[in-house]
Amino acid sequence: MTPDPRARAVEISDSVLFPGALQVDESAVLPVDRLDRLASAGFYGLAGPRECGGMGLDDMATALEVIEIIASGCLTSAFVWIQHHGAVRALVDAPRVLRDAWIEPLCTGAVRAGVAFSGLRRPGAPILTASPAGEGWRFDGFAPWVTGWGRIDVVRAAARRENGDIVWALVDAVGGPTLRPEPLRLAAVNASATVTLHFDRHLVAPERVISIQPFDEWQARDRGSLRVNASLALGVARRCAALLESDALAAQLRECRRALDQASAETMPEERARASELALQAATILVVSGGGRSITLDHHAQRLAREALFLLVFGQTGAIKAAQLRRLYDGSHG
């Protein structure tokens with residue numbers, strides 16, 4: 001593999017992902033060969049230790065730019081692929097029997113993971129609960145947003161105990177009487193095969209439990225992890241800037257990336273809002289520049305514009321939403 005993973009990511013993004021992005025946009029489900037290409041390049045191990053088949057990449061800035069580059073090629077591919085890395089990171093510190101069984105195939109991409117924890121950010125009563133069942137757990141409720149169904153093998157799922165703690169488990173991504181996927185139709189990245197996943201007394205064996213974590217501890221870590229999803233918005237802006245050959249947009253992109261990398265947990269919501277705004281602005285400029293052709297389905301501008309709208313709400317927290325609305329309202333009255 002090329003020593004600099006960014007160079008390899010650019011090669012795949014520009015030669016494979018971007019040329020096929022319109023085909024993916026019109027597909028019912030993401031063609032698996034896109035994910036296979038990322039796996040063969042080692043990118044499923046982006047967050048994994050080298051001794052387990054991962055990249056062993058310690059430079060977070062490089063990892064974030066790899067995500068951005070892949071998103072600039074095909075947001076749908078990046079959206080499915082990015083969900084995988086949370087499982088890899090979690091299994092590094094998982095009980096040894098679970099780690100030994102799963103982390104190497106996850107790092108190589110032989111096994112591919114999704115996530116089911118967005119419900120943790122919802123206010124009010126938990127929507128997915130965990131109750132003791134022998135030595136294991138029973139999950140009941142639903143996960144509103146699980147991406148890559150049919151393209152993933154396992155799901156890193158989060159359910160809340162009665163005392164509020166989170167039970168994290170690795171669940172097989174196989175539908176059945178106790179695990180029912182309900183497809184969602186999305187205005188963008190629809191080929192990501194995103195579903196609402198319903199759990200009905202679904203049993204989780206004890207050897208599939210990754211960890212049990214206090215909810216307050218997760219909230220603190222979640223606030224510190226919001227930078228990653230911003231790379232998807234930067235990816236959309238990056239592609240728009242390249243198509244427009246705009247030095248001004250490229251400069252804004254560099255400044256936005258720098259601000260994100262330097263943001264604290266407190267300032268990150270504002271910088272996340274700024275990144276989403278930049279993607280929307282760049283896509284709007286691309287649409288206007290292309291004129292009437294921009295809204296035909298064989299033109300990248302309309303795809304990128306829909307993806308920019310999608311990224312206004314993906315990974316959104318209450319603080320990010322407030323920052324987005326503040327910036328949008330201020331702009332409308334400026």
# chains A, B, ... in the order shown; residues from 1 in each chain; ligands from 1
call {"tool": "select_by_dssp", "arguments": {"residues": "region 34-256 of chain A", "states": "alpha helix (DSSP H)", "output": "MDAnalysis selection string"}}
result
chainID A and resid 34:40 60:73 75:82 84:92 96:108 215:223 227:244 247:256
call {"tool": "closest_atom_pairs", "arguments": {"of": "region 44-138 of chain A", "to": "region 27-36 of chain A", "cutoff": "12 Å", "atoms": "only C-alpha atoms", "output": "Markdown table"}}
result
| residue | atom | partner | partner_atom | distance |
| --- | --- | --- | --- | --- |
| A:Tyr44 | CA | A:Leu35 | CA | 8.9 |
| A:Ile70 | CA | A:Arg34 | CA | 10.8 |
| A:Gly73 | CA | A:Arg34 | CA | 10.8 |
| A:Cys74 | CA | A:Arg34 | CA | 9.3 |
| A:Leu75 | CA | A:Leu30 | CA | 10.8 |
| A:Thr76 | CA | A:Leu30 | CA | 7.3 |
| A:Ser77 | CA | A:Arg34 | CA | 6.7 |
| A:Ala78 | CA | A:Leu35 | CA | 8.9 |
| A:Phe79 | CA | A:Leu30 | CA | 10.5 |
| A:Val80 | CA | A:Leu35 | CA | 8.4 |
| A:Trp81 | CA | A:Leu35 | CA | 7.1 |
| A:Ile82 | CA | A:Leu35 | CA | 10.8 |
| A:His84 | CA | A:Leu35 | CA | 11.1 |
| A:Thr108 | CA | A:Asp36 | CA | 10.4 |
| A:Gly109 | CA | A:Asp36 | CA | 7.9 |
| A:Ala110 | CA | A:Asp36 | CA | 9.2 |
| A:Val111 | CA | A:Asp36 | CA | 11.1 |
| A:Arg112 | CA | A:Leu35 | CA | 9.4 |
| A:Ala113 | CA | A:Leu35 | CA | 11.8 |
call {"tool": "write_last_selection", "arguments": {"atoms": "N, CA, C and O atoms", "output": "CSV table (one decimal), in the first residue's frame"}}
result
chain,number,residue,atom,x,y,z
A,44,TYR,N,-10.7,-0.4,5.8
A,44,TYR,CA,-11.5,-0.9,6.9
A,44,TYR,C,-10.7,-1.0,8.2
A,44,TYR,O,-11.3,-1.1,9.3
A,70,ILE,N,-12.5,10.3,0.8
A,70,ILE,CA,-13.4,9.2,0.3
A,70,ILE,C,-14.8,9.8,0.2
A,70,ILE,O,-15.5,9.5,-0.8
A,73,GLY,N,-15.5,11.5,-3.1
A,73,GLY,CA,-15.7,10.6,-4.2
A,73,GLY,C,-17.1,10.2,-4.3
A,73,GLY,O,-17.8,10.3,-5.3
A,74,CYS,N,-17.6,9.6,-3.2
A,74,CYS,CA,-19.0,9.1,-3.2
A,74,CYS,C,-19.5,9.1,-1.7
A,74,CYS,O,-19.0,8.3,-0.9
A,75,LEU,N,-20.4,10.0,-1.4
A,75,LEU,CA,-20.8,10.1,0.0
A,75,LEU,C,-21.5,8.9,0.4
A,75,LEU,O,-21.4,8.5,1.6
A,76,THR,N,-22.3,8.2,-0.4
A,76,THR,CA,-23.0,7.0,0.0
A,76,THR,C,-22.0,5.9,0.4
A,76,THR,O,-22.1,5.3,1.5
A,77,SER,N,-20.9,5.7,-0.4
A,77,SER,CA,-19.9,4.8,0.0
A,77,SER,C,-19.2,5.1,1.3
A,77,SER,O,-19.0,4.3,2.2
A,78,ALA,N,-18.9,6.4,1.5
A,78,ALA,CA,-18.3,6.9,2.7
A,78,ALA,C,-19.2,6.7,3.9
A,78,ALA,O,-18.8,6.3,5.0
A,79,PHE,N,-20.5,7.0,3.7
A,79,PHE,CA,-21.5,6.9,4.8
A,79,PHE,C,-21.6,5.5,5.3
A,79,PHE,O,-21.7,5.3,6.5
A,80,VAL,N,-21.6,4.5,4.4
A,80,VAL,CA,-21.7,3.1,4.9
A,80,VAL,C,-20.4,2.7,5.6
A,80,VAL,O,-20.4,2.1,6.6
A,81,TRP,N,-19.3,3.0,4.9
A,81,TRP,CA,-18.0,2.7,5.4
A,81,TRP,C,-17.6,3.3,6.8
A,81,TRP,O,-17.0,2.6,7.6
A,82,ILE,N,-18.0,4.5,7.0
A,82,ILE,CA,-17.6,5.2,8.2
A,82,ILE,C,-18.2,4.6,9.4
A,82,ILE,O,-17.6,4.7,10.5
A,84,HIS,N,-18.4,1.7,10.3
A,84,HIS,CA,-17.6,0.5,10.7
A,84,HIS,C,-16.6,0.8,11.8
A,84,HIS,O,-16.3,-0.1,12.6
A,108,THR,N,-9.6,-6.1,8.6
A,108,THR,CA,-9.4,-6.5,7.2
A,108,THR,C,-10.6,-6.2,6.3
A,108,THR,O,-10.4,-6.2,5.1
A,109,GLY,N,-11.7,-6.0,6.9
A,109,GLY,CA,-12.9,-5.9,6.1
A,109,GLY,C,-13.6,-7.2,5.7
A,109,GLY,O,-14.6,-7.2,5.0
A,110,ALA,N,-13.1,-8.3,6.2
A,110,ALA,CA,-13.7,-9.6,6.0
A,110,ALA,C,-15.1,-9.6,6.6
A,110,ALA,O,-16.0,-10.3,6.2
A,111,VAL,N,-15.2,-8.9,7.8
A,111,VAL,CA,-16.4,-8.7,8.5
A,111,VAL,C,-16.6,-7.2,8.5
A,111,VAL,O,-15.7,-6.4,8.8
A,112,ARG,N,-17.9,-6.7,8.2
A,112,ARG,CA,-18.2,-5.3,8.2
A,112,ARG,C,-19.3,-4.9,9.1
A,112,ARG,O,-20.2,-5.7,9.3
A,113,ALA,N,-19.1,-3.8,9.8
A,113,ALA,CA,-20.0,-3.4,10.9
A,113,ALA,C,-20.8,-2.2,10.6
A,113,ALA,O,-20.3,-1.3,9.9
call {"tool": "residues_around", "arguments": {"residues": "Arg326 (chain A)", "least_positions_apart": "5", "cutoff": "10 Å", "atoms": "only C-alpha atoms", "output": "list in words"}}
result
Glu270, Ala273, Ile320, Lys321, Gly331 and Ser332 of chain A
call {"tool": "residues_around", "arguments": {"residues": "Thr317 (chain A)", "least_positions_apart": "3", "cutoff": "12 Å", "atoms": "only C-alpha atoms", "output": "short mmCIF file (atom, residue, chain, number, x, y, z; two decimals) with all heavy atoms, in the first residue's frame"}}
result
data_model
loop_
_atom_site.label_atom_id
_atom_site.label_comp_id
_atom_site.auth_asym_id
_atom_site.auth_seq_id
_atom_site.Cartn_x
_atom_site.Cartn_y
_atom_site.Cartn_z
N SER A 118 -27.76 6.00 17.64
CA SER A 118 -28.21 7.39 17.52
C SER A 118 -29.35 7.70 18.48
O SER A 118 -29.53 8.86 18.88
CB SER A 118 -28.65 7.68 16.08
OG SER A 118 -29.73 6.84 15.69
N GLY A 119 -30.10 6.68 18.90
CA GLY A 119 -31.18 6.90 19.86
C GLY A 119 -30.69 7.39 21.21
O GLY A 119 -31.48 7.97 21.98
N LEU A 120 -29.41 7.20 21.51
CA LEU A 120 -28.88 7.68 22.78
C LEU A 120 -28.94 9.20 22.87
O LEU A 120 -28.96 9.77 23.97
CB LEU A 120 -27.43 7.23 22.97
CG LEU A 120 -27.19 5.72 23.12
CD1 LEU A 120 -25.69 5.45 23.23
CD2 LEU A 120 -27.92 5.16 24.33
N ARG A 121 -28.94 9.87 21.72
CA ARG A 121 -28.95 11.34 21.71
C ARG A 121 -30.35 11.90 21.84
O ARG A 121 -30.51 13.12 21.96
CB ARG A 121 -28.30 11.85 20.42
CG ARG A 121 -26.81 11.50 20.30
CD ARG A 121 -26.19 12.20 19.10
NE ARG A 121 -24.76 11.90 19.01
CZ ARG A 121 -24.19 11.36 17.94
NH1 ARG A 121 -24.91 11.06 16.88
NH2 ARG A 121 -22.89 11.13 17.93
N ARG A 122 -31.37 11.05 21.78
CA ARG A 122 -32.75 11.54 21.88
C ARG A 122 -33.10 11.86 23.33
O ARG A 122 -32.80 11.08 24.24
CB ARG A 122 -33.73 10.48 21.38
CG ARG A 122 -33.73 10.29 19.88
CD ARG A 122 -34.94 9.47 19.47
NE ARG A 122 -35.05 9.38 18.03
CZ ARG A 122 -36.13 8.92 17.39
NH1 ARG A 122 -37.18 8.51 18.09
NH2 ARG A 122 -36.16 8.86 16.08
N PRO A 123 -33.74 13.00 23.57
CA PRO A 123 -34.21 13.28 24.93
C PRO A 123 -35.39 12.37 25.30
O PRO A 123 -36.02 11.77 24.44
CB PRO A 123 -34.64 14.75 24.85
CG PRO A 123 -35.02 14.95 23.40
CD PRO A 123 -34.09 14.06 22.62
N GLN A 219 -21.90 10.35 27.29
CA GLN A 219 -22.22 11.70 26.83
C GLN A 219 -20.98 12.56 26.73
O GLN A 219 -20.80 13.30 25.76
CB GLN A 219 -23.22 12.36 27.78
CG GLN A 219 -24.67 11.93 27.56
CD GLN A 219 -25.62 12.77 28.37
OE1 GLN A 219 -25.42 13.03 29.56
NE2 GLN A 219 -26.68 13.23 27.73
N ASP A 222 -19.02 11.40 23.75
CA ASP A 222 -19.71 11.73 22.51
C ASP A 222 -19.45 13.18 22.12
O ASP A 222 -19.22 13.49 20.95
CB ASP A 222 -21.21 11.47 22.66
CG ASP A 222 -21.96 11.66 21.35
OD1 ASP A 222 -21.59 11.02 20.36
OD2 ASP A 222 -22.93 12.46 21.33
N ARG A 223 -19.47 14.07 23.09
CA ARG A 223 -19.20 15.48 22.80
C ARG A 223 -17.80 15.67 22.26
O ARG A 223 -17.55 16.57 21.45
CB ARG A 223 -19.39 16.33 24.07
CG ARG A 223 -20.86 16.55 24.44
CD ARG A 223 -20.99 17.60 25.51
NE ARG A 223 -20.43 17.18 26.78
CZ ARG A 223 -21.11 16.55 27.73
NH1 ARG A 223 -22.39 16.26 27.54
NH2 ARG A 223 -20.54 16.21 28.87
N SER A 225 -16.26 13.52 20.33
CA SER A 225 -16.05 12.73 19.10
C SER A 225 -16.78 13.30 17.89
O SER A 225 -16.85 12.64 16.85
CB SER A 225 -16.52 11.29 19.33
OG SER A 225 -17.93 11.25 19.50
N LEU A 226 -17.31 14.51 18.02
CA LEU A 226 -18.15 15.06 16.96
C LEU A 226 -17.36 15.53 15.75
O LEU A 226 -17.95 15.84 14.71
CB LEU A 226 -18.99 16.22 17.51
CG LEU A 226 -20.00 15.85 18.60
CD1 LEU A 226 -20.72 17.10 19.11
CD2 LEU A 226 -21.01 14.83 18.09
N ASN A 229 -17.59 13.21 11.97
CA ASN A 229 -18.64 13.33 10.97
C ASN A 229 -18.52 14.61 10.14
O ASN A 229 -19.06 14.69 9.03
CB ASN A 229 -20.01 13.27 11.63
CG ASN A 229 -20.34 11.87 12.12
OD1 ASN A 229 -19.79 10.89 11.63
ND2 ASN A 229 -21.24 11.77 13.08
N MET A 268 -16.96 22.88 19.31
CA MET A 268 -17.17 21.99 18.18
C MET A 268 -18.56 22.13 17.53
O MET A 268 -18.67 22.10 16.29
CB MET A 268 -16.93 20.53 18.59
CG MET A 268 -17.05 19.53 17.43
SD MET A 268 -15.88 19.86 16.08
CE MET A 268 -14.35 19.33 16.85
N PRO A 269 -19.66 22.27 18.29
CA PRO A 269 -20.96 22.43 17.62
C PRO A 269 -20.97 23.59 16.63
O PRO A 269 -21.51 23.46 15.53
CB PRO A 269 -21.92 22.66 18.78
CG PRO A 269 -21.30 21.92 19.93
CD PRO A 269 -19.83 22.16 19.76
N GLU A 270 -20.36 24.71 16.99
CA GLU A 270 -20.31 25.85 16.08
C GLU A 270 -19.50 25.53 14.83
O GLU A 270 -19.90 25.88 13.70
CB GLU A 270 -19.70 27.07 16.79
CG GLU A 270 -19.68 28.33 15.94
CD GLU A 270 -21.06 28.90 15.68
OE1 GLU A 270 -21.97 28.70 16.51
OE2 GLU A 270 -21.24 29.54 14.62
N ARG A 272 -18.94 22.49 13.61
CA ARG A 272 -19.70 21.52 12.83
C ARG A 272 -20.76 22.23 11.99
O ARG A 272 -20.97 21.89 10.81
CB ARG A 272 -20.38 20.50 13.76
CG ARG A 272 -19.51 19.32 14.16
CD ARG A 272 -19.34 18.32 13.01
NE ARG A 272 -20.62 17.86 12.51
CZ ARG A 272 -21.30 16.83 12.99
NH1 ARG A 272 -20.81 16.12 13.98
NH2 ARG A 272 -22.46 16.47 12.47
N ALA A 273 -21.43 23.21 12.58
CA ALA A 273 -22.43 23.97 11.84
C ALA A 273 -21.79 24.71 10.67
O ALA A 273 -22.34 24.78 9.57
CB ALA A 273 -23.13 24.95 12.77
N LEU A 312 -26.81 18.37 6.80
CA LEU A 312 -27.28 19.33 7.81
C LEU A 312 -27.86 18.61 9.02
O LEU A 312 -27.85 19.14 10.13
CB LEU A 312 -28.35 20.26 7.21
CG LEU A 312 -27.89 21.32 6.23
CD1 LEU A 312 -29.10 22.03 5.65
CD2 LEU A 312 -26.95 22.33 6.89
N VAL A 313 -28.37 17.39 8.81
CA VAL A 313 -29.05 16.70 9.91
C VAL A 313 -28.35 15.42 10.35
O VAL A 313 -28.63 14.90 11.44
CB VAL A 313 -30.52 16.38 9.55
CG1 VAL A 313 -31.30 17.66 9.34
CG2 VAL A 313 -30.62 15.50 8.31
N PHE A 314 -27.43 14.88 9.54
CA PHE A 314 -26.74 13.67 9.96
C PHE A 314 -25.78 13.97 11.10
O PHE A 314 -25.01 14.92 11.06
CB PHE A 314 -25.96 13.05 8.80
CG PHE A 314 -25.04 11.94 9.24
CD1 PHE A 314 -25.58 10.78 9.79
CD2 PHE A 314 -23.68 12.06 9.17
CE1 PHE A 314 -24.75 9.75 10.22
CE2 PHE A 314 -22.83 11.04 9.59
CZ PHE A 314 -23.38 9.89 10.13
N ILE A 320 -25.50 21.25 18.04
CA ILE A 320 -25.18 21.51 16.63
C ILE A 320 -26.39 22.13 15.93
O ILE A 320 -26.26 23.10 15.16
CB ILE A 320 -24.75 20.22 15.92
CG1 ILE A 320 -23.41 19.72 16.48
CG2 ILE A 320 -24.64 20.43 14.41
CD1 ILE A 320 -23.00 18.35 15.97
N LYS A 321 -27.57 21.61 16.19
CA LYS A 321 -28.78 22.15 15.56
C LYS A 321 -28.98 23.61 15.94
O LYS A 321 -29.30 24.46 15.08
CB LYS A 321 -30.00 21.33 15.98
CG LYS A 321 -31.31 21.79 15.36
CD LYS A 321 -32.46 20.89 15.77
CE LYS A 321 -33.76 21.30 15.11
NZ LYS A 321 -34.89 20.40 15.50
N ALA A 322 -28.77 23.93 17.22
CA ALA A 322 -28.92 25.32 17.65
C ALA A 322 -27.92 26.23 16.94
O ALA A 322 -28.26 27.34 16.51
CB ALA A 322 -28.73 25.41 19.16
N ALA A 323 -26.69 25.74 16.78
CA ALA A 323 -25.67 26.54 16.08
C ALA A 323 -26.03 26.71 14.61
O ALA A 323 -25.86 27.79 14.04
CB ALA A 323 -24.30 25.88 16.23
N GLN A 324 -26.53 25.66 13.99
CA GLN A 324 -26.93 25.75 12.59
C GLN A 324 -28.05 26.77 12.41
O GLN A 324 -27.99 27.62 11.51
CB GLN A 324 -27.41 24.38 12.10
CG GLN A 324 -26.31 23.35 11.91
CD GLN A 324 -26.86 21.97 11.64
OE1 GLN A 324 -27.89 21.60 12.19
NE2 GLN A 324 -26.19 21.22 10.80
#
call {"tool": "closest_residue", "arguments": {"among": "A:Leu22, A:Val66, A:Ala61, A:Leu197", "to": "Phe43 (chain A)", "atoms": "only C-alpha atoms"}}
result
A:Val66
call {"tool": "residues_around", "arguments": {"residues": "region 184-190 of chain A", "least_positions_apart": "5", "cutoff": "6 Å", "atoms": "only C-alpha atoms", "output": "PyMOL selection string"}}
result
chain A and resi 76+195+306-307
call {"tool": "write_last_selection", "arguments": {"atoms": "C-alpha atoms", "output": "CSV table (one decimal), in the first residue's frame"}}
result
chain,number,residue,atom,x,y,z
A,76,THR,CA,-23.0,7.0,0.0
A,195,VAL,CA,-33.2,1.1,8.2
A,306,ARG,CA,-29.0,16.9,-1.9
A,307,GLU,CA,-26.1,15.4,0.0
call {"tool": "closest_residue", "arguments": {"among": "A:Pro95, A:Phe215, A:Glu68, A:Gln23", "to": "Arg254 (chain A)", "atoms": "only C-alpha atoms"}}
result
A:Glu68
call {"tool": "select_by_dssp", "arguments": {"residues": "region 46-161 of chain A", "states": "strand (DSSP E or B)", "output": "MDAnalysis selection string"}}
result
chainID A and resid 113:116 128:133 136:146 154:160
call {"tool": "atom_distance", "arguments": {"atom1": "CA of Trp149 (chain A)", "atom2": "CA of Gly315 (chain A)"}}
result
18.4 Å
call {"tool": "closest_residue", "arguments": {"among": "A:Pro132, A:Asp153, A:Asp25, A:Glu65", "to": "Ala87 (chain A)", "atoms": "only C-alpha atoms"}}
result
A:Asp153
call {"tool": "closest_residue", "arguments": {"among": "A:Gly20, A:Ala90, A:Pro5, A:Thr178", "to": "Ala41 (chain A)", "atoms": "only C-alpha atoms"}}
result
A:Pro5
call {"tool": "decode", "arguments": {"residues": "region 107-177 of chain A", "atoms": "C-alpha atoms", "output": "mmCIF file, in the first residue's frame"}}
result
data_model
loop_
_atom_site.group_PDB
_atom_site.id
_atom_site.type_symbol
_atom_site.label_atom_id
_atom_site.label_comp_id
_atom_site.auth_asym_id
_atom_site.auth_seq_id
_atom_site.Cartn_x
_atom_site.Cartn_y
_atom_site.Cartn_z
ATOM 1 C CA CYS A 107 -9.777 -4.627 10.485
ATOM 2 C CA THR A 108 -9.351 -6.455 7.189
ATOM 3 C CA GLY A 109 -12.937 -5.871 6.083
ATOM 4 C CA ALA A 110 -13.710 -9.590 5.959
ATOM 5 C CA VAL A 111 -16.440 -8.679 8.464
ATOM 6 C CA ARG A 112 -18.159 -5.297 8.171
ATOM 7 C CA ALA A 113 -19.980 -3.430 10.898
ATOM 8 C CA GLY A 114 -22.700 -0.866 11.318
ATOM 9 C CA VAL A 115 -23.872 1.038 14.380
ATOM 10 C CA ALA A 116 -27.137 1.458 16.259
ATOM 11 C CA PHE A 117 -26.725 4.138 18.889
ATOM 12 C CA SER A 118 -28.208 7.387 17.517
ATOM 13 C CA GLY A 119 -31.175 6.902 19.857
ATOM 14 C CA LEU A 120 -28.882 7.684 22.781
ATOM 15 C CA ARG A 121 -28.948 11.336 21.709
ATOM 16 C CA ARG A 122 -32.746 11.539 21.883
ATOM 17 C CA PRO A 123 -34.215 13.282 24.935
ATOM 18 C CA GLY A 124 -36.780 11.474 27.044
ATOM 19 C CA ALA A 125 -37.181 7.806 27.850
ATOM 20 C CA PRO A 126 -34.787 5.305 26.189
ATOM 21 C CA ILE A 127 -36.092 3.841 22.934
ATOM 22 C CA LEU A 128 -33.939 0.703 23.095
ATOM 23 C CA THR A 129 -33.690 -1.030 26.470
ATOM 24 C CA ALA A 130 -31.628 -3.887 27.900
ATOM 25 C CA SER A 131 -32.982 -6.285 30.512
ATOM 26 C CA PRO A 132 -31.103 -9.202 32.141
ATOM 27 C CA ALA A 133 -31.781 -12.570 30.503
ATOM 28 C CA GLY A 134 -29.832 -15.328 32.199
ATOM 29 C CA GLU A 135 -26.167 -14.412 31.821
ATOM 30 C CA GLY A 136 -26.948 -12.246 28.803
ATOM 31 C CA TRP A 137 -29.393 -9.498 27.893
ATOM 32 C CA ARG A 138 -32.696 -8.955 26.135
ATOM 33 C CA PHE A 139 -32.976 -5.918 23.870
ATOM 34 C CA ASP A 140 -36.394 -4.335 23.279
ATOM 35 C CA GLY A 141 -37.370 -1.241 21.309
ATOM 36 C CA PHE A 142 -35.840 0.228 18.180
ATOM 37 C CA ALA A 143 -32.748 1.874 16.755
ATOM 38 C CA PRO A 144 -33.923 4.665 14.435
ATOM 39 C CA TRP A 145 -30.902 4.776 12.147
ATOM 40 C CA VAL A 146 -28.841 1.736 11.078
ATOM 41 C CA THR A 147 -26.911 2.149 7.839
ATOM 42 C CA GLY A 148 -25.686 -0.458 5.361
ATOM 43 C CA TRP A 149 -28.281 -3.187 5.891
ATOM 44 C CA GLY A 150 -27.406 -6.002 3.519
ATOM 45 C CA ARG A 151 -23.840 -4.710 3.309
ATOM 46 C CA ILE A 152 -22.903 -5.245 6.967
ATOM 47 C CA ASP A 153 -22.452 -8.404 9.000
ATOM 48 C CA VAL A 154 -22.740 -7.088 12.560
ATOM 49 C CA VAL A 155 -24.134 -4.058 14.357
ATOM 50 C CA ARG A 156 -22.581 -2.343 17.356
ATOM 51 C CA ALA A 157 -25.799 -1.671 19.259
ATOM 52 C CA ALA A 158 -26.449 0.368 22.392
ATOM 53 C CA ALA A 159 -29.356 -0.324 24.762
ATOM 54 C CA ARG A 160 -30.127 1.292 28.128
ATOM 55 C CA ARG A 161 -30.453 -0.602 31.396
ATOM 56 C CA GLU A 162 -33.049 0.322 34.006
ATOM 57 C CA ASN A 163 -30.371 2.227 35.942
ATOM 58 C CA GLY A 164 -29.457 4.204 32.804
ATOM 59 C CA ASP A 165 -26.198 2.439 31.975
ATOM 60 C CA ILE A 166 -25.536 1.518 28.346
ATOM 61 C CA VAL A 167 -25.063 -2.095 27.293
ATOM 62 C CA TRP A 168 -22.928 -2.171 24.148
ATOM 63 C CA ALA A 169 -23.155 -5.399 22.152
ATOM 64 C CA LEU A 170 -22.146 -6.857 18.811
ATOM 65 C CA VAL A 171 -25.355 -8.084 17.183
ATOM 66 C CA ASP A 172 -25.550 -10.132 13.995
ATOM 67 C CA ALA A 173 -27.094 -8.074 11.179
ATOM 68 C CA VAL A 174 -29.574 -10.790 10.247
ATOM 69 C CA GLY A 175 -33.295 -10.119 10.238
ATOM 70 C CA GLY A 176 -35.689 -12.480 11.957
ATOM 71 C CA PRO A 177 -38.641 -12.669 14.367
#
